[in-house]
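Asker: To start, I am sharing the structure in question, which I have written as structure tokens.
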Amino acid sequence: MAFTNQHGRTQSSLSDINITPLVDVVLVLLVMFMVTAPILQSGIDVAVPKTKTVKEITEERVVISIDKQQRVFLGNDPININEIPQKLREKIRDPQGQAIFLRADENVPFGAFATVMDAVKQSGITNVSIVTQPLNEKNVRTR
């Protein structure tokens, strides 16, 4: 687009958009999301018990968590304990072949743990693994 200035000369307007600041902002946002995404996945604070034998989780599985206040979570979503069988039936297609993980805080009473296990068994799932942390060998004394 051209126009004439007050001296009678024809000039063109500067109509190019400078996208460098836009790219900078987008890259900063991308880095921020990449850094915070792993933190958001482990949103439920559960201090699982420590054991000597621990098997590493290599694939994505359904996780049920029980925190210190005995609140129950399916994945990262809070759930009523009475809804567990129905939600697991909806989520899992093959209850006999599918395994789930149960994370419970080490201070949760066994009664609450057993109630959640019973709700899981009502959905038809028989393969339940309990999540633990590796025991630090420095803290263990042998006699």
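We name chains A, B, ... following the order of the structure tokens; residues begin at 1 in each chain, and ligands are numbered from 1 as shown.
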Do you know which residues are at most 6 Å from Gln96 in chain A counting only C-alpha atoms, after dropping those on the same chain fewer than 2 positions away, and could you put them as a ChimeraX atom specification?
Answerer: /A:94,98,125
Asker: Extract, using only C-alpha atoms, all DNA, RNA and protein residues at most 7 Å from range 64-80 of chain A, discarding same-chain residues fewer than 2 positions from it, and format them as a PyMOL selection string.
Answerer: chain A and resi 43-46+62+82-84+101-105+107-108
Asker: Can I get the selection written as a compact mmCIF listing (two decimals), in the first residue's frame, with all heavy atoms?
Answerer:
```
# COMPACT_ATOMS: atom_id res chain seq x y z
N GLY A 43 0.10 -35.97 41.15
CA GLY A 43 -0.55 -34.99 41.98
C GLY A 43 -1.02 -35.49 43.33
O GLY A 43 -1.30 -34.71 44.21
N ILE A 44 -1.13 -36.81 43.54
CA ILE A 44 -1.64 -37.34 44.79
C ILE A 44 -0.46 -37.73 45.67
O ILE A 44 0.38 -38.53 45.28
CB ILE A 44 -2.54 -38.56 44.52
CG1 ILE A 44 -3.68 -38.14 43.57
CG2 ILE A 44 -3.09 -39.13 45.81
CD1 ILE A 44 -4.41 -39.29 42.98
N ASP A 45 -0.41 -37.12 46.86
CA ASP A 45 0.70 -37.36 47.76
C ASP A 45 0.44 -38.61 48.59
O ASP A 45 -0.41 -38.61 49.48
CB ASP A 45 0.88 -36.14 48.67
CG ASP A 45 2.12 -36.25 49.53
OD1 ASP A 45 3.05 -36.96 49.12
OD2 ASP A 45 2.14 -35.63 50.61
N VAL A 46 1.17 -39.68 48.25
CA VAL A 46 1.02 -40.95 48.96
C VAL A 46 2.41 -41.44 49.32
O VAL A 46 3.27 -41.60 48.45
CB VAL A 46 0.30 -42.00 48.08
CG1 VAL A 46 0.24 -43.34 48.78
CG2 VAL A 46 -1.10 -41.54 47.73
N VAL A 62 -3.88 -48.89 35.15
CA VAL A 62 -4.85 -48.19 35.99
C VAL A 62 -4.33 -48.19 37.42
O VAL A 62 -3.91 -49.23 37.93
CB VAL A 62 -6.23 -48.88 35.90
CG1 VAL A 62 -7.22 -48.20 36.82
CG2 VAL A 62 -6.74 -48.89 34.47
N ASN A 82 -17.89 -46.66 46.59
CA ASN A 82 -18.99 -47.48 46.07
C ASN A 82 -19.06 -47.46 44.54
O ASN A 82 -19.71 -48.31 43.94
CB ASN A 82 -20.32 -47.00 46.66
CG ASN A 82 -20.35 -47.14 48.16
OD1 ASN A 82 -19.85 -48.12 48.71
ND2 ASN A 82 -20.90 -46.16 48.83
N GLU A 83 -18.40 -46.48 43.90
CA GLU A 83 -18.41 -46.37 42.45
C GLU A 83 -17.24 -47.11 41.80
O GLU A 83 -17.18 -47.19 40.58
CB GLU A 83 -18.36 -44.91 42.04
CG GLU A 83 -19.56 -44.11 42.47
CD GLU A 83 -19.41 -42.63 42.15
OE1 GLU A 83 -18.33 -42.23 41.66
OE2 GLU A 83 -20.36 -41.89 42.38
N ILE A 84 -16.32 -47.63 42.59
CA ILE A 84 -15.12 -48.27 42.02
C ILE A 84 -15.47 -49.44 41.09
O ILE A 84 -14.95 -49.49 39.97
CB ILE A 84 -14.15 -48.70 43.14
CG1 ILE A 84 -13.52 -47.46 43.77
CG2 ILE A 84 -13.06 -49.62 42.60
CD1 ILE A 84 -12.62 -47.75 44.94
N PHE A 101 -2.87 -51.27 39.65
CA PHE A 101 -1.97 -50.98 40.76
C PHE A 101 -2.73 -50.28 41.87
O PHE A 101 -3.55 -49.40 41.61
CB PHE A 101 -0.80 -50.11 40.31
CG PHE A 101 0.17 -50.84 39.44
CD1 PHE A 101 0.24 -50.57 38.10
CD2 PHE A 101 0.99 -51.81 39.97
CE1 PHE A 101 1.13 -51.24 37.28
CE2 PHE A 101 1.89 -52.49 39.18
CZ PHE A 101 1.96 -52.20 37.82
N LEU A 102 -2.43 -50.65 43.10
CA LEU A 102 -3.06 -50.04 44.27
C LEU A 102 -1.96 -49.37 45.09
O LEU A 102 -1.06 -50.03 45.59
CB LEU A 102 -3.79 -51.10 45.09
CG LEU A 102 -4.56 -50.63 46.31
CD1 LEU A 102 -5.60 -49.60 45.92
CD2 LEU A 102 -5.23 -51.80 46.98
N ARG A 103 -2.04 -48.03 45.18
CA ARG A 103 -1.10 -47.24 45.98
C ARG A 103 -1.81 -46.82 47.25
O ARG A 103 -2.84 -46.18 47.18
CB ARG A 103 -0.67 -45.98 45.23
CG ARG A 103 0.12 -46.19 44.01
CD ARG A 103 0.38 -44.87 43.28
NE ARG A 103 1.07 -43.92 44.11
CZ ARG A 103 0.83 -42.61 44.13
NH1 ARG A 103 -0.11 -42.10 43.37
NH2 ARG A 103 1.51 -41.82 44.91
N ALA A 104 -1.27 -47.17 48.38
CA ALA A 104 -1.87 -46.77 49.65
C ALA A 104 -0.79 -46.17 50.54
O ALA A 104 0.33 -46.68 50.60
CB ALA A 104 -2.51 -47.97 50.34
N ASP A 105 -1.14 -45.09 51.22
CA ASP A 105 -0.22 -44.49 52.17
C ASP A 105 0.08 -45.49 53.26
O ASP A 105 -0.78 -46.28 53.66
CB ASP A 105 -0.84 -43.23 52.76
CG ASP A 105 0.18 -42.38 53.49
OD1 ASP A 105 0.44 -42.64 54.68
OD2 ASP A 105 0.71 -41.47 52.84
N ASN A 107 0.33 -45.15 56.31
CA ASN A 107 -0.41 -44.91 57.56
C ASN A 107 -1.91 -45.19 57.43
O ASN A 107 -2.66 -44.96 58.38
CB ASN A 107 -0.20 -43.46 58.01
CG ASN A 107 1.26 -43.18 58.33
OD1 ASN A 107 1.94 -44.01 58.92
ND2 ASN A 107 1.75 -42.04 57.90
N VAL A 108 -2.34 -45.68 56.28
CA VAL A 108 -3.76 -46.00 56.10
C VAL A 108 -4.07 -47.29 56.86
O VAL A 108 -3.33 -48.27 56.76
CB VAL A 108 -4.08 -46.18 54.59
CG1 VAL A 108 -5.45 -46.76 54.38
CG2 VAL A 108 -3.95 -44.86 53.88
```
Asker: When you draw a straight line from CA of Gly124 in chain A to CA of Ala99 in chain A, how long is it in Å?
Answerer: 10.9 Å
